Amino acid sequence: MKAVIANAYGGPEVLSVGEMARPEPRANEVLIKIYASAVTQADVMMRAGTPWFGRLILGLGKPKAVVPGTAFAGKVEAVGVGVRRFAIGDDVFGETSVGFHAHAQYVAVPEDGVVETIPLTMSYDQAAPVTDGALTVHNFLTRLVTIKPGQRVLVNGAAGGLGTSAVQLAKHLGAEVTAVASNRNGDFLRQLGADHVIDYEREDFTKQVGRYDIIFDTVGKVKFGKAKRALKQDGVYLSPVLGLGLLFQAFWTGKFGRKTAKFSATGLLAHGELRKRLAEVKLLVEDGALKTIIDRRYGLDEIAQAHRYVETGHKRGNVVLEVAHEDVAMLAAQ
Ligand SMILES: NC(=O)c1ccc[n+]([C@@H]2O[C@H](COP(=O)([O-])OP(=O)(O)OC[C@H]3O[C@@H](n4cnc5c(N)ncnc54)[C@H](OP(=O)(O)O)[C@@H]3O)[C@@H](O)[C@H]2O)c1
């Protein structure tokens, strides 16, 4: 099978595409023929080996997992002994988490991992980015906080992978949503459901005083110390971008503060918890409350270009890696 290979940390040039043996599903595993994956900020960080402490898990001198990628959508090709949840031919999506190996034509995953049948309304391309964007946002906006109708929620980085899901979910939960992005994304975000849009190049939302119940800085550009003035007295600052400062503030404000900061590493939650949440996200998708915004699509051979684009930090929604298969191409040509 074809797979992306990364034998070293570094720039996009460390990525190549090569041939390797197709995995065999072991007991309680399903073999998935992947049609789409996503290229995420996490993929970029793991390729670069930054931040350095991440290498304690990923591999000190070089990545332990030669094939990168965590998100997948595709079809169950084979099942191992004892598999009950899925059958050959099922369309599924999910993530391999620290198992990686999703930037390839096939991956084997445990049936009790983060895997679910694809929402009825979604294509493979739309399903693949869900675990990085919508599932993460679901964790932040329904587990770390409880949004009450009418509350004011500000989403910073609103046009990105997490941001586009956050605007939709906060709106669905009844919040008055303020989206912060550059001017080029203003109309797009209003159409997505934002009640107000702030162009960060013209206006600094942190100059507002006591306005928001929740500030969700999806891109970690505005630290808690600066953002907190714009929070109401019991307001909550959320950010998915790990930093020692945020970890300390989350600990400190959790004990002593009225305005609190919160962080979560969604991918490290127990698989059972993530699977339950993925099923809830699937229902939201089928209800029309959440949709995947796709910015660009790349083929497996274009993996380095995909990384370069994601690395700009200005994607709108998600970047999809489309995974071609020769038998599908032959069928299409007939
Ligand atoms: N903790 C977790 O569980 C978890 C899970 C998944 C991801 N993450 C992390 O979450 C972060 C966000 O990921 P993502 O995929 O959403 O990022 P992304 O899609 O790459 O973010 C891009 C967006 O950020 C906006 N942006 C850039 N500079 C900005 C600024 N100064 N102010 C406001 N918006 C700005 C851009 O809008 P404009 O083009 O309009 O500037 C663009 O649409 C990453 O660091 C990722 O590693 C954490």
# chains A, B, ... in the order shown; residues from 1 in each chain; ligands from 1
>>> residues_near_ligand(ligand="ligand 1", cutoff="6 Å", atoms="only C-alpha atoms and all ligand atoms", output="PyMOL selection string")
chain A and resi 40-42+132+136+156-157+159-163+180-182+185+200+218-219+221+240-241+264-267+310+313-317
>>> write_last_selection(atoms="N, CA and C atoms", output="JSON list (two decimals), in the first residue's frame")
[["chain", "number", "residue", "atom", "x", "y", "z"],
["A", 40, "THR", "N", -3.67, 18.46, 9.83],
["A", 40, "THR", "CA", -4.03, 19.36, 10.93],
["A", 40, "THR", "C", -2.80, 20.08, 11.49],
["A", 41, "GLN", "N", -3.07, 21.05, 12.36],
["A", 41, "GLN", "CA", -1.97, 21.73, 13.05],
["A", 41, "GLN", "C", -1.18, 20.74, 13.90],
["A", 42, "ALA", "N", -1.87, 19.75, 14.46],
["A", 42, "ALA", "CA", -1.17, 18.74, 15.27],
["A", 42, "ALA", "C", -0.22, 17.94, 14.38],
["A", 132, "ASP", "N", -10.68, 16.08, 14.61],
["A", 132, "ASP", "CA", -9.80, 17.18, 15.02],
["A", 132, "ASP", "C", -10.60, 18.42, 15.37],
["A", 136, "THR", "N", -13.11, 17.98, 19.14],
["A", 136, "THR", "CA", -12.35, 18.80, 20.10],
["A", 136, "THR", "C", -13.24, 19.91, 20.66],
["A", 156, "ASN", "N", -12.17, 33.18, 19.22],
["A", 156, "ASN", "CA", -11.01, 33.76, 18.53],
["A", 156, "ASN", "C", -10.42, 32.68, 17.63],
["A", 157, "GLY", "N", -9.96, 33.09, 16.43],
["A", 157, "GLY", "CA", -9.54, 32.08, 15.45],
["A", 157, "GLY", "C", -10.76, 31.41, 14.83],
["A", 159, "ALA", "N", -12.26, 31.36, 12.08],
["A", 159, "ALA", "CA", -12.32, 30.84, 10.71],
["A", 159, "ALA", "C", -11.54, 29.54, 10.54],
["A", 160, "GLY", "N", -10.88, 29.07, 11.59],
["A", 160, "GLY", "CA", -10.02, 27.88, 11.46],
["A", 160, "GLY", "C", -10.78, 26.58, 11.64],
["A", 161, "GLY", "N", -10.04, 25.50, 11.73],
["A", 161, "GLY", "CA", -10.63, 24.18, 11.87],
["A", 161, "GLY", "C", -11.49, 24.07, 13.12],
["A", 162, "LEU", "N", -10.94, 24.47, 14.26],
["A", 162, "LEU", "CA", -11.71, 24.43, 15.51],
["A", 162, "LEU", "C", -12.73, 25.57, 15.52],
["A", 163, "GLY", "N", -12.30, 26.74, 15.06],
["A", 163, "GLY", "CA", -13.15, 27.92, 15.12],
["A", 163, "GLY", "C", -14.46, 27.75, 14.39],
["A", 180, "VAL", "N", -14.02, 36.19, 15.93],
["A", 180, "VAL", "CA", -12.88, 37.07, 15.66],
["A", 180, "VAL", "C", -12.03, 36.44, 14.56],
["A", 181, "ALA", "N", -11.79, 37.21, 13.50],
["A", 181, "ALA", "CA", -11.01, 36.73, 12.36],
["A", 181, "ALA", "C", -10.54, 37.94, 11.56],
["A", 182, "SER", "N", -9.79, 37.69, 10.49],
["A", 182, "SER", "CA", -9.40, 38.81, 9.62],
["A", 182, "SER", "C", -10.59, 39.21, 8.76],
["A", 185, "ASN", "N", -12.62, 37.02, 6.23],
["A", 185, "ASN", "CA", -13.50, 35.95, 6.69],
["A", 185, "ASN", "C", -14.81, 36.46, 7.31],
["A", 200, "TYR", "N", -9.69, 41.29, 13.71],
["A", 200, "TYR", "CA", -8.63, 41.48, 14.72],
["A", 200, "TYR", "C", -7.56, 42.48, 14.28],
["A", 218, "THR", "N", -9.34, 29.62, 20.13],
["A", 218, "THR", "CA", -9.01, 28.33, 19.49],
["A", 218, "THR", "C", -7.58, 28.31, 18.97],
["A", 219, "VAL", "N", -6.99, 29.48, 18.74],
["A", 219, "VAL", "CA", -5.63, 29.51, 18.16],
["A", 219, "VAL", "C", -4.57, 29.98, 19.16],
["A", 221, "LYS", "N", -3.86, 32.82, 20.49],
["A", 221, "LYS", "CA", -3.16, 34.07, 20.15],
["A", 221, "LYS", "C", -3.29, 35.12, 21.24],
["A", 240, "PRO", "N", -7.21, 25.53, 23.44],
["A", 240, "PRO", "CA", -6.70, 24.18, 23.19],
["A", 240, "PRO", "C", -5.19, 24.18, 22.94],
["A", 241, "VAL", "N", -4.57, 25.37, 23.02],
["A", 241, "VAL", "CA", -3.15, 25.47, 22.67],
["A", 241, "VAL", "C", -2.32, 25.38, 23.95],
["A", 264, "SER", "N", -7.68, 21.44, 27.76],
["A", 264, "SER", "CA", -7.83, 19.98, 27.73],
["A", 264, "SER", "C", -7.10, 19.45, 26.51],
["A", 265, "ALA", "N", -6.44, 18.30, 26.67],
["A", 265, "ALA", "CA", -5.84, 17.61, 25.52],
["A", 265, "ALA", "C", -6.84, 16.54, 25.09],
["A", 266, "THR", "N", -7.68, 16.90, 24.14],
["A", 266, "THR", "CA", -8.83, 16.03, 23.79],
["A", 266, "THR", "C", -8.38, 14.63, 23.38],
["A", 267, "GLY", "N", -7.32, 14.58, 22.58],
["A", 267, "GLY", "CA", -6.86, 13.29, 22.06],
["A", 267, "GLY", "C", -6.39, 12.35, 23.15],
["A", 310, "VAL", "N", -1.06, 24.36, 5.62],
["A", 310, "VAL", "CA", -1.59, 24.35, 7.00],
["A", 310, "VAL", "C", -0.69, 25.22, 7.90],
["A", 313, "GLY", "N", -1.03, 28.99, 8.94],
["A", 313, "GLY", "CA", -1.89, 29.42, 10.05],
["A", 313, "GLY", "C", -3.11, 30.20, 9.57],
["A", 314, "HIS", "N", -3.44, 30.09, 8.29],
["A", 314, "HIS", "CA", -4.60, 30.85, 7.77],
["A", 314, "HIS", "C", -5.56, 29.98, 6.97],
["A", 315, "LYS", "N", -5.59, 28.68, 7.28],
["A", 315, "LYS", "CA", -6.58, 27.89, 6.55],
["A", 315, "LYS", "C", -7.98, 28.28, 7.02],
["A", 316, "ARG", "N", -8.93, 28.10, 6.12],
["A", 316, "ARG", "CA", -10.34, 28.36, 6.49],
["A", 316, "ARG", "C", -10.99, 27.00, 6.69],
["A", 317, "GLY", "N", -11.26, 26.66, 7.91],
["A", 317, "GLY", "CA", -11.80, 25.32, 8.18],
["A", 317, "GLY", "C", -10.70, 24.28, 8.10]]
>>> closest_atom_pairs(of="segment 194-248 of chain A", to="segment 165-168 of chain A", cutoff="10 Å", atoms="only C-alpha atoms", output="tab-separated table")
residue	atom	partner	partner_atom	distance
A:Ala194	CA	A:Val167	CA	6.3
A:Asp195	CA	A:Val167	CA	9.5
A:Phe216	CA	A:Ala166	CA	8.2
A:Thr218	CA	A:Ala166	CA	8.4
>>> residues_around(residues="segment 109-113 of chain A", least_positions_apart="3", cutoff="9 Å", atoms="only C-alpha atoms", output="MDAnalysis selection string")
chainID A and resid 25:32 83:86 94:96 99 116 271:272 274:275
>>> residues_around(residues="segment 140-153 of chain A", least_positions_apart="2", cutoff="9 Å", atoms="only C-alpha atoms", output="JSON, numbers by chain")
{"A": [135, 136, 137, 138, 155, 166, 167, 169, 170, 171, 173, 174, 175, 176, 177, 178, 179, 211, 212, 213, 214, 215, 216, 236, 238, 239, 240, 262, 263, 264, 266]}
>>> write_last_selection(atoms="C-alpha atoms", output="CSV table (one decimal), in the first residue's frame")
chain,number,residue,atom,x,y,z
A,135,LEU,CA,-14.9,16.5,18.4
A,136,THR,CA,-12.4,18.8,20.1
A,137,VAL,CA,-14.8,21.7,20.2
A,138,HIS,CA,-17.5,19.4,21.6
A,155,VAL,CA,-14.5,32.6,19.5
A,166,ALA,CA,-17.0,26.4,17.7
A,167,VAL,CA,-19.1,29.1,16.0
A,169,LEU,CA,-21.8,24.6,18.1
A,170,ALA,CA,-22.0,27.7,20.3
A,171,LYS,CA,-24.8,29.0,18.1
A,173,LEU,CA,-26.4,25.8,22.1
A,174,GLY,CA,-28.2,29.1,22.1
A,175,ALA,CA,-25.3,31.5,22.6
A,176,GLU,CA,-24.8,35.0,21.2
A,177,VAL,CA,-21.7,34.4,19.2
A,178,THR,CA,-18.9,36.8,18.4
A,179,ALA,CA,-16.4,35.6,15.9
A,211,ARG,CA,-18.7,41.4,28.2
A,212,TYR,CA,-18.3,37.7,27.6
A,213,ASP,CA,-19.3,34.6,29.5
A,214,ILE,CA,-16.9,32.5,27.6
A,215,ILE,CA,-13.8,33.3,25.5
A,216,PHE,CA,-12.7,30.4,23.4
A,236,VAL,CA,-14.3,31.2,31.5
A,238,LEU,CA,-10.7,28.3,27.1
A,239,SER,CA,-7.8,27.4,24.8
A,240,PRO,CA,-6.7,24.2,23.2
A,262,LYS,CA,-9.2,25.9,31.1
A,263,PHE,CA,-7.3,23.5,28.8
A,264,SER,CA,-7.8,20.0,27.7
A,266,THR,CA,-8.8,16.0,23.8
>>> atom_distance(atom1="atom CA of Gln305 of chain A", atom2="atom CA of Val39 of chain A")
10.5 Å
>>> residues_around(residues="segment 74-76 of chain A", least_positions_apart="2", cutoff="12 Å", atoms="only C-alpha atoms", output="ChimeraX atom specification")
/A:25,29-37,71-72,78-80,83,85-95,102,104-111,115-118,122-128,322-325
>>> write_last_selection(atoms="N, CA and C atoms", output="short mmCIF file (atom, residue, chain, number, x, y, z; two decimals), in the first residue's frame")
data_model
loop_
_atom_site.label_atom_id
_atom_site.label_comp_id
_atom_site.auth_asym_id
_atom_site.auth_seq_id
_atom_site.Cartn_x
_atom_site.Cartn_y
_atom_site.Cartn_z
N PRO A 25 -5.62 -6.95 10.14
CA PRO A 25 -6.35 -6.71 11.40
C PRO A 25 -6.12 -7.87 12.37
N GLU A 29 -9.76 -5.98 15.87
CA GLU A 29 -9.41 -4.81 15.05
C GLU A 29 -10.18 -4.85 13.73
N VAL A 30 -10.39 -3.64 13.18
CA VAL A 30 -10.95 -3.55 11.83
C VAL A 30 -9.90 -2.94 10.91
N LEU A 31 -9.84 -3.46 9.69
CA LEU A 31 -8.94 -2.89 8.68
C LEU A 31 -9.76 -1.91 7.85
N ILE A 32 -9.31 -0.67 7.80
CA ILE A 32 -10.07 0.37 7.09
C ILE A 32 -9.33 0.79 5.82
N LYS A 33 -10.06 0.77 4.72
CA LYS A 33 -9.52 1.30 3.46
C LYS A 33 -9.80 2.79 3.50
N ILE A 34 -8.76 3.58 3.64
CA ILE A 34 -8.94 5.02 3.87
C ILE A 34 -9.17 5.75 2.53
N TYR A 35 -10.20 6.57 2.50
CA TYR A 35 -10.46 7.42 1.33
C TYR A 35 -10.12 8.88 1.61
N ALA A 36 -10.16 9.27 2.87
CA ALA A 36 -9.82 10.66 3.21
C ALA A 36 -9.20 10.73 4.59
N SER A 37 -8.27 11.64 4.74
CA SER A 37 -7.71 11.96 6.05
C SER A 37 -7.69 13.49 6.15
N ALA A 71 -6.36 11.25 11.56
CA ALA A 71 -7.79 11.26 11.20
C ALA A 71 -8.04 10.36 9.98
N PHE A 72 -9.15 9.66 9.98
CA PHE A 72 -9.45 8.82 8.82
C PHE A 72 -10.95 8.74 8.56
N ALA A 78 -11.78 -5.41 6.16
CA ALA A 78 -11.68 -6.74 6.77
C ALA A 78 -11.84 -6.57 8.28
N VAL A 79 -12.25 -7.63 8.94
CA VAL A 79 -12.38 -7.56 10.41
C VAL A 79 -11.60 -8.71 11.04
N GLY A 80 -11.01 -8.45 12.21
CA GLY A 80 -10.29 -9.48 12.94
C GLY A 80 -11.26 -10.33 13.77
N VAL A 83 -14.60 -9.21 16.29
CA VAL A 83 -15.18 -7.87 16.04
C VAL A 83 -16.70 -7.96 15.99
N ARG A 85 -18.80 -4.70 16.52
CA ARG A 85 -19.46 -3.41 16.23
C ARG A 85 -19.54 -3.11 14.73
N PHE A 86 -18.62 -3.67 13.95
CA PHE A 86 -18.55 -3.29 12.54
C PHE A 86 -18.52 -4.53 11.64
N ALA A 87 -18.96 -4.32 10.40
CA ALA A 87 -18.93 -5.41 9.41
C ALA A 87 -18.23 -4.91 8.15
N ILE A 88 -17.74 -5.83 7.36
CA ILE A 88 -17.09 -5.46 6.09
C ILE A 88 -18.07 -4.61 5.27
N GLY A 89 -17.59 -3.51 4.74
CA GLY A 89 -18.43 -2.64 3.92
C GLY A 89 -18.96 -1.42 4.67
N ASP A 90 -18.85 -1.41 6.00
CA ASP A 90 -19.32 -0.24 6.76
C ASP A 90 -18.47 0.99 6.42
N ASP A 91 -19.12 2.12 6.27
CA ASP A 91 -18.39 3.39 6.12
C ASP A 91 -18.13 3.95 7.51
N VAL A 92 -16.87 4.21 7.83
CA VAL A 92 -16.52 4.63 9.19
C VAL A 92 -15.58 5.84 9.18
N PHE A 93 -15.53 6.52 10.32
CA PHE A 93 -14.57 7.62 10.48
C PHE A 93 -14.09 7.63 11.93
N GLY A 94 -12.97 8.31 12.15
CA GLY A 94 -12.45 8.36 13.51
C GLY A 94 -11.02 8.85 13.53
N GLU A 95 -10.32 8.47 14.61
CA GLU A 95 -8.91 8.89 14.71
C GLU A 95 -8.10 7.81 15.41
N ALA A 102 -2.47 7.11 9.83
CA ALA A 102 -3.68 7.39 9.04
C ALA A 102 -3.39 8.05 7.69
N ALA A 104 -2.27 7.01 4.96
CA ALA A 104 -1.94 5.79 4.23
C ALA A 104 -3.22 5.25 3.59
N GLN A 105 -3.06 4.25 2.72
CA GLN A 105 -4.25 3.69 2.07
C GLN A 105 -5.06 2.79 3.01
N TYR A 106 -4.40 2.22 4.01
CA TYR A 106 -5.11 1.33 4.95
C TYR A 106 -4.59 1.58 6.36
N VAL A 107 -5.47 1.37 7.32
CA VAL A 107 -5.05 1.40 8.72
C VAL A 107 -5.88 0.36 9.49
N ALA A 108 -5.26 -0.28 10.47
CA ALA A 108 -5.99 -1.21 11.33
C ALA A 108 -6.19 -0.54 12.68
N VAL A 109 -7.43 -0.52 13.17
CA VAL A 109 -7.72 0.14 14.46
C VAL A 109 -8.58 -0.79 15.32
N PRO A 110 -8.43 -0.71 16.66
CA PRO A 110 -9.29 -1.52 17.51
C PRO A 110 -10.75 -1.08 17.38
N GLU A 111 -11.66 -2.04 17.37
CA GLU A 111 -13.07 -1.64 17.20
C GLU A 111 -13.58 -0.82 18.38
N VAL A 115 -13.77 5.24 16.79
CA VAL A 115 -14.27 4.93 15.44
C VAL A 115 -15.78 4.75 15.51
N GLU A 116 -16.45 5.25 14.47
CA GLU A 116 -17.92 5.30 14.47
C GLU A 116 -18.36 5.23 13.00
N THR A 117 -19.58 4.80 12.76
CA THR A 117 -20.07 4.84 11.37
C THR A 117 -20.30 6.30 10.96
N ILE A 118 -20.06 6.56 9.68
CA ILE A 118 -20.12 7.94 9.17
C ILE A 118 -21.56 8.48 9.22
N MET A 122 -22.85 12.72 5.37
CA MET A 122 -21.46 13.15 5.12
C MET A 122 -20.73 12.30 4.10
N SER A 123 -19.87 12.96 3.32
CA SER A 123 -18.93 12.27 2.44
C SER A 123 -17.69 11.91 3.25
N TYR A 124 -16.80 11.11 2.67
CA TYR A 124 -15.53 10.78 3.37
C TYR A 124 -14.75 12.08 3.64
N ASP A 125 -14.70 12.96 2.64
CA ASP A 125 -13.95 14.22 2.80
C ASP A 125 -14.47 15.04 3.98
N GLN A 126 -15.79 15.06 4.11
CA GLN A 126 -16.38 15.86 5.20
C GLN A 126 -16.20 15.17 6.55
N ALA A 127 -16.17 13.84 6.55
CA ALA A 127 -16.10 13.10 7.81
C ALA A 127 -14.69 13.09 8.41
N ALA A 128 -13.68 13.05 7.53
CA ALA A 128 -12.31 12.86 8.04
C ALA A 128 -11.87 13.93 9.04
N GLU A 322 -6.93 13.55 0.28
CA GLU A 322 -7.73 12.54 -0.42
C GLU A 322 -6.82 11.37 -0.78
N VAL A 323 -7.26 10.17 -0.42
CA VAL A 323 -6.42 8.98 -0.61
C VAL A 323 -6.99 8.15 -1.75
N ALA A 324 -6.23 8.09 -2.85
CA ALA A 324 -6.71 7.38 -4.03
C ALA A 324 -6.35 5.89 -3.94
N HIS A 325 -7.15 5.07 -4.65
CA HIS A 325 -6.88 3.63 -4.73
C HIS A 325 -6.96 3.22 -6.19
#
>>> closest_residue(among="A:Val285, A:Leu189, A:Ala250, A:Leu244", to="Pro119 of chain A", atoms="only C-alpha atoms")
A:Val285
>>> residues_around(residues="Leu60 of chain A", least_positions_apart="4", cutoff="12 Å", atoms="only C-alpha atoms", output="list in words")
Ala8, Tyr9, Met46, Gly49, Thr50, Pro51, Trp52, Phe53, Gly54, Arg55, Leu56, Lys64 and Ala65 of chain A
>>> write_last_selection(atoms="C-alpha atoms", output="PDB file, in the first residue's frame")
ATOM      1  CA  ALA A   8      12.995  12.416  10.846  1.00  0.00           C
ATOM      2  CA  TYR A   9      11.702  15.620  12.435  1.00  0.00           C
ATOM      3  CA  MET A  46       4.384  16.347  15.224  1.00  0.00           C
ATOM      4  CA  GLY A  49       8.909  17.671  16.613  1.00  0.00           C
ATOM      5  CA  THR A  50       7.777  20.826  18.423  1.00  0.00           C
ATOM      6  CA  PRO A  51       7.275  21.589  21.219  1.00  0.00           C
ATOM      7  CA  TRP A  52      10.307  19.593  22.324  1.00  0.00           C
ATOM      8  CA  PHE A  53       8.596  17.950  25.316  1.00  0.00           C
ATOM      9  CA  GLY A  54       6.220  16.271  22.844  1.00  0.00           C
ATOM     10  CA  ARG A  55       9.169  14.123  21.772  1.00  0.00           C
ATOM     11  CA  LEU A  56       8.979  12.311  25.101  1.00  0.00           C
ATOM     12  CA  LYS A  64       8.588   6.334  16.596  1.00  0.00           C
ATOM     13  CA  ALA A  65       5.627   6.112  14.192  1.00  0.00           C
TER      14      ALA A  65
END
>>> closest_residue(among="A:Phe256, A:Leu321, A:Asp204, A:Thr121", to="Glu286 of chain A", atoms="only C-alpha atoms")
A:Thr121
>>> select_by_dssp(residues="segment 144-208 of chain A", states="strand (DSSP E or B)", output="CSV table (one decimal) with N, CA and C atoms, in the first residue's frame")
chain,number,residue,atom,x,y,z
A,152,ARG,N,-23.0,35.1,26.2
A,152,ARG,CA,-22.1,35.6,25.2
A,152,ARG,C,-20.9,34.8,25.1
A,153,VAL,N,-20.6,34.3,23.9
A,153,VAL,CA,-19.4,33.5,23.6
A,153,VAL,C,-18.6,34.1,22.5
A,154,LEU,N,-17.3,34.4,22.8
A,154,LEU,CA,-16.4,34.9,21.8
A,154,LEU,C,-15.5,33.8,21.3
A,155,VAL,N,-15.4,33.6,20.0
A,155,VAL,CA,-14.5,32.6,19.5
A,155,VAL,C,-13.4,33.3,18.7
A,156,ASN,N,-12.2,33.2,19.2
A,156,ASN,CA,-11.0,33.8,18.5
A,156,ASN,C,-10.4,32.7,17.6
A,176,GLU,N,-25.0,33.8,22.1
A,176,GLU,CA,-24.8,35.0,21.2
A,176,GLU,C,-23.3,34.9,20.9
A,177,VAL,N,-23.0,34.7,19.6
A,177,VAL,CA,-21.7,34.4,19.2
A,177,VAL,C,-21.0,35.5,18.5
A,178,THR,N,-19.8,35.9,19.1
A,178,THR,CA,-18.9,36.8,18.4
A,178,THR,C,-17.7,36.1,17.9
A,179,ALA,N,-17.5,36.3,16.6
A,179,ALA,CA,-16.4,35.6,15.9
A,179,ALA,C,-15.3,36.6,15.6
A,180,VAL,N,-14.0,36.2,15.9
A,180,VAL,CA,-12.9,37.1,15.7
A,180,VAL,C,-12.0,36.4,14.6
A,181,ALA,N,-11.8,37.2,13.5
A,181,ALA,CA,-11.0,36.7,12.4
A,181,ALA,C,-10.5,37.9,11.6
A,196,HIS,N,-22.0,38.5,15.7
A,196,HIS,CA,-21.1,39.6,15.5
A,196,HIS,C,-19.7,39.1,15.0
A,197,VAL,N,-19.1,40.0,14.3
A,197,VAL,CA,-17.7,39.6,13.8
A,197,VAL,C,-16.8,40.8,14.1
A,198,ILE,N,-15.6,40.4,14.6
A,198,ILE,CA,-14.6,41.4,14.9
A,198,ILE,C,-13.4,41.1,14.0
A,199,ASP,N,-12.9,42.1,13.3
A,199,ASP,CA,-11.7,42.0,12.5
A,199,ASP,C,-10.5,42.3,13.4
